[in-house]
Every structure is written in C-alpha cells, then in structure tokens.
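Worksheet: the structure to be examined is printed underneath.
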Amino acid sequence: MREKRRSVIVFGGSGGIGTSVCQSLASQGYNIGLTYFRNEDSAQKLKSELKAYEIDVEIVAADLSSPEAAITAVEKIETSLQVLDAVVYAAGPRIRVGNFDDLTFTDWQHVLDQDASACFNALKASLPALKKTDGGSIVAISTTQINRSEKRGVLSAAPKAAIEMMIRAIAKEEARSNIRANSVRAGWVDSAGLGVEMLEKQLSPKAYQAIIREIPMRRFAHASEIAEAVTFLLSDRASYITGQSITVDGGMAL
C-alpha cells in the first residue's frame, strides 16, 4: 500500500544504503530531503533520479559532526519541504578494520565524531521539527556486530552501540509526543559504498569467503533489503513499534 505523502530527511542519503533508502521512500510518495558530506556529484545524481517519482527533493551539504551544521541542514530541508514527518540516520565515516591494540586514539576519535556525535547532532536538530507534526518516526542504521562481536570490528560497532542507546532514549522519552524511534542492524552489504570498499580493499579473499560461510543464507545483503526494513519501520504498519532493533543480516548473528 502506498503511503500518504510525507516528508523525510535522510542523513547520509547519498551513500550506498542511504541512496536505497531514498529510492524506497520516494516510491512510497515521500518528499525527500537528504544530506551529503563531500560527494556532491552523487547527491545531485540521486536528486535527478528521485524527481522521476514526482516528489519534492532537497539536498544539503552538511558536516554532521558540527551541531550548527546539523541545525542548518534541518532548517533548510524543513523550509523547502514545509514539514518533517520522518528522519533516517544513514550516515557514517570510512572506518579502519583493525585489532584493538593496533588502533590509535585518532582512529577512535574519528568514528565517534563522525558517527556517534554526528547522529546525536542530527537527531537533536530534528526533534523540534518532528514535534510540530502529529507524530513522527526515526530510524537509525546500526550494525549486526552489536548482536555478535567480530574480530577487528570495534570501530564499526562502538559508535553504533551509542547510537542505539540514543534511539532507545528517544523512544522512551518522546512517545508522549507520538514520536517513534527504532534502528536497523545491517549485516554485510554488497551494494553499499563503505561495505564494498571494506570487502574489496581491507579483507583478504580468504577472509571474504570465511564471512560468506558464516552467513546461513550464504550471501551478502543488498542495500535495497536494508531500505525495505527502514521503510517498514517508518510506515503506519509499524505504528506500535518503538525502541526496537531489527536485524537484517541473513541470519549471521544466530
């Protein structure tokens, strides 16, 4: 069933998963506001593609590690789309795979600033706009590594654990404002920028095959499959779901 016309901001909308989220929500009639960090070409290309759905689209460059930049981005998108009904956090930095003992404080600080703090700033800036509506919904992209810790994966899992705690706090505190908040724990994704980069550049063929063997469905996820879970959680079909995490990983965490 097609959703009634709503407006959503997708933080990190020009990335691999973010792009699929934008496409899925546009197909349901959502007006789309999306942020990007540096890749303006991808954002402009996506904007052109989304116009085919006959919706309104606004793109804004934003370094979400800055609270002021997050506020400015939300204000621009809210002004353009007139209302904000939903928020998706799909942003995140490039990370380095490594054993804890090999990581530097700079590595650690980078992922906290560009992911955990960025999400805090994005959601903090969005809440006032959501409260102007009769109710809104938030979904953050997390990681299946919270279900099952992987070697050399702390830089991926740690900021997402913080993000999930923010989501749970918002779900509990803002239910009185009819705002729901959930997360989607994504497994390995074969068609999203950062996941592909890690699989191809940071893992050996042997490690690649070992990951495949640990997934009961014997394949990686498609970004569109993550987007479907996000779309469901934002929809009226999930109207009584809040504070939850849905895992989309082909059974890897079992």
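Convention: chains lettered A, B, ... in structure tokens order; per-chain residue numbering from 1; ligands numbered from 1 as shown.
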When you look at stretch 109-125 of chain A with a cut-off of 8 Å (counting only C-alpha atoms), what residues show up, excluding the ones that are within fewer than 4 positions of it in the same chain? I need them as an MDAnalysis selection string.
chainID A and resid 11 63:67 70:71 74 87 89 91:93 95 105 129 155:156 159:160 162:163 166
Residue neighbourhood A:Gly12, 9 Å, only C-alpha atoms, exclusion window fewer than 2 positions, as a PyMOL selection string
chain A and resi 10+14-19+34-37+88-92
Show which residues sit within 7 Å of A:Gly187, as a list in words. Count only C-alpha atoms, and ignore same-chain residues fewer than 6 positions away.
Thr143, Thr144, Ala221, Val248 and Asp249 of chain A
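Atom pair atom CA of A:Gly135 / atom CA of A:Arg185 has a distance of 23.8 Å (rounded to one decimal).
Shortest atom-to-atom contact with A:Leu127 among A:Glu150, A:Asp107, A:Asp102, A:Asp85: A:Asp85, counting only C-alpha atoms.
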Interatomic distance (Å, one decimal) between atom CA of A:Ile77 and atom CA of A:Val189
28.6 Å
Take atom CA of A:Asp190 and atom CA of A:Val154 and report the distance between them in Å, one decimal.
20.4 Å
With a distance cut-off of 6 Å and only C-alpha atoms, select the neighbouring residues of A:Ser137, excluding the residue or stretch itself and same-chain residues fewer than 5 positions from it, and output the selection as a ChimeraX atom specification.
/A:86,179-181,234
If we count only C-alpha atoms and set the cut-off at 12 Å, which residues sit around A:Tyr53, ignoring sequence neighbours fewer than 2 positions away in its own chain? Please answer as a ChimeraX atom specification.
/A:5,22-32,46-51,55-57
Run DSSP on the backbone and grab whatever in stretch 124-169 of chain A lands in strand (DSSP E or B); send it over as number ranges by chain.
A: 136-143
Quick one: write out the picked residues with C-alpha atoms as a PDB file, in the first residue's frame?
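This went into out_5.pdb:
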ATOM      1  CA  GLY A 136       6.920  11.309  13.600  1.00  0.00           C
ATOM      2  CA  SER A 137       9.267   8.389  13.232  1.00  0.00           C
ATOM      3  CA  ILE A 138      13.038   7.954  13.406  1.00  0.00           C
ATOM      4  CA  VAL A 139      15.164   5.078  12.132  1.00  0.00           C
ATOM      5  CA  ALA A 140      18.937   4.790  12.517  1.00  0.00           C
ATOM      6  CA  ILE A 141      21.124   2.362  10.609  1.00  0.00           C
ATOM      7  CA  SER A 142      23.143   0.265  13.033  1.00  0.00           C
ATOM      8  CA  THR A 143      25.202  -2.914  12.699  1.00  0.00           C
TER       9      THR A 143
END
Give me, as a ChimeraX atom specification, all polymer residues having an atom no more than 8 Å from A:Ile246, counting only C-alpha atoms and skipping those fewer than 5 positions away in the same chain.
/A:183-185,229
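Residue nearest A:Lys45, chosen from A:Val21, A:Ser80, A:Phe220, A:Gly13 and counting only C-alpha atoms: A:Gly13.
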Write out as a PDB file with all heavy atoms, in the first residue's frame each polymer residue whose atoms come within 8 Å of A:Asp134, counting only C-alpha atoms; drop sequence neighbours fewer than 2 positions from it.
ATOM      1  N   LYS A 131       8.265  17.386  16.314  1.00  0.00           N
ATOM      2  CA  LYS A 131       7.245  17.693  17.325  1.00  0.00           C
ATOM      3  C   LYS A 131       6.176  18.658  16.806  1.00  0.00           C
ATOM      4  O   LYS A 131       5.126  18.797  17.417  1.00  0.00           O
ATOM      5  CB  LYS A 131       7.911  18.264  18.578  1.00  0.00           C
ATOM      6  CG  LYS A 131       8.700  17.227  19.357  1.00  0.00           C
ATOM      7  CD  LYS A 131       9.337  17.823  20.608  1.00  0.00           C
ATOM      8  CE  LYS A 131      10.115  16.781  21.379  1.00  0.00           C
ATOM      9  NZ  LYS A 131      10.738  17.317  22.609  1.00  0.00           N
ATOM     10  N   LYS A 132       6.437  19.293  15.691  1.00  0.00           N
ATOM     11  CA  LYS A 132       5.439  20.190  15.097  1.00  0.00           C
ATOM     12  C   LYS A 132       4.337  19.413  14.389  1.00  0.00           C
ATOM     13  O   LYS A 132       3.285  19.966  14.086  1.00  0.00           O
ATOM     14  CB  LYS A 132       6.116  21.141  14.105  1.00  0.00           C
ATOM     15  CG  LYS A 132       7.093  22.119  14.720  1.00  0.00           C
ATOM     16  CD  LYS A 132       7.756  22.954  13.632  1.00  0.00           C
ATOM     17  CE  LYS A 132       8.851  23.850  14.198  1.00  0.00           C
ATOM     18  NZ  LYS A 132       9.543  24.606  13.132  1.00  0.00           N
ATOM     19  N   GLY A 136       5.900  11.594  14.591  1.00  0.00           N
ATOM     20  CA  GLY A 136       6.920  11.309  13.600  1.00  0.00           C
ATOM     21  C   GLY A 136       7.623  10.007  13.920  1.00  0.00           C
ATOM     22  O   GLY A 136       7.342   9.347  14.916  1.00  0.00           O
ATOM     23  N   SER A 177       5.070  12.482  22.721  1.00  0.00           N
ATOM     24  CA  SER A 177       4.907  13.371  21.568  1.00  0.00           C
ATOM     25  C   SER A 177       4.538  12.597  20.311  1.00  0.00           C
ATOM     26  O   SER A 177       4.572  13.145  19.208  1.00  0.00           O
ATOM     27  CB  SER A 177       6.211  14.150  21.316  1.00  0.00           C
ATOM     28  OG  SER A 177       6.560  14.942  22.434  1.00  0.00           O
ATOM     29  N   ASN A 178       4.202  11.305  20.497  1.00  0.00           N
ATOM     30  CA  ASN A 178       3.829  10.424  19.392  1.00  0.00           C
ATOM     31  C   ASN A 178       4.975  10.269  18.389  1.00  0.00           C
ATOM     32  O   ASN A 178       4.759  10.178  17.184  1.00  0.00           O
ATOM     33  CB  ASN A 178       2.573  10.922  18.677  1.00  0.00           C
ATOM     34  CG  ASN A 178       1.895   9.811  17.887  1.00  0.00           C
ATOM     35  OD1 ASN A 178       2.017   8.640  18.218  1.00  0.00           O
ATOM     36  ND2 ASN A 178       1.196  10.186  16.827  1.00  0.00           N
TER      37      ASN A 178
END
Check the DSSP output for the backbone and give back, as a ChimeraX atom specification, the residues of stretch 5-251 of chain A in alpha helix (DSSP H).
/A:16-27,40-50,67-81,105-111,118-131,154-174,193-201,205-214,223-234
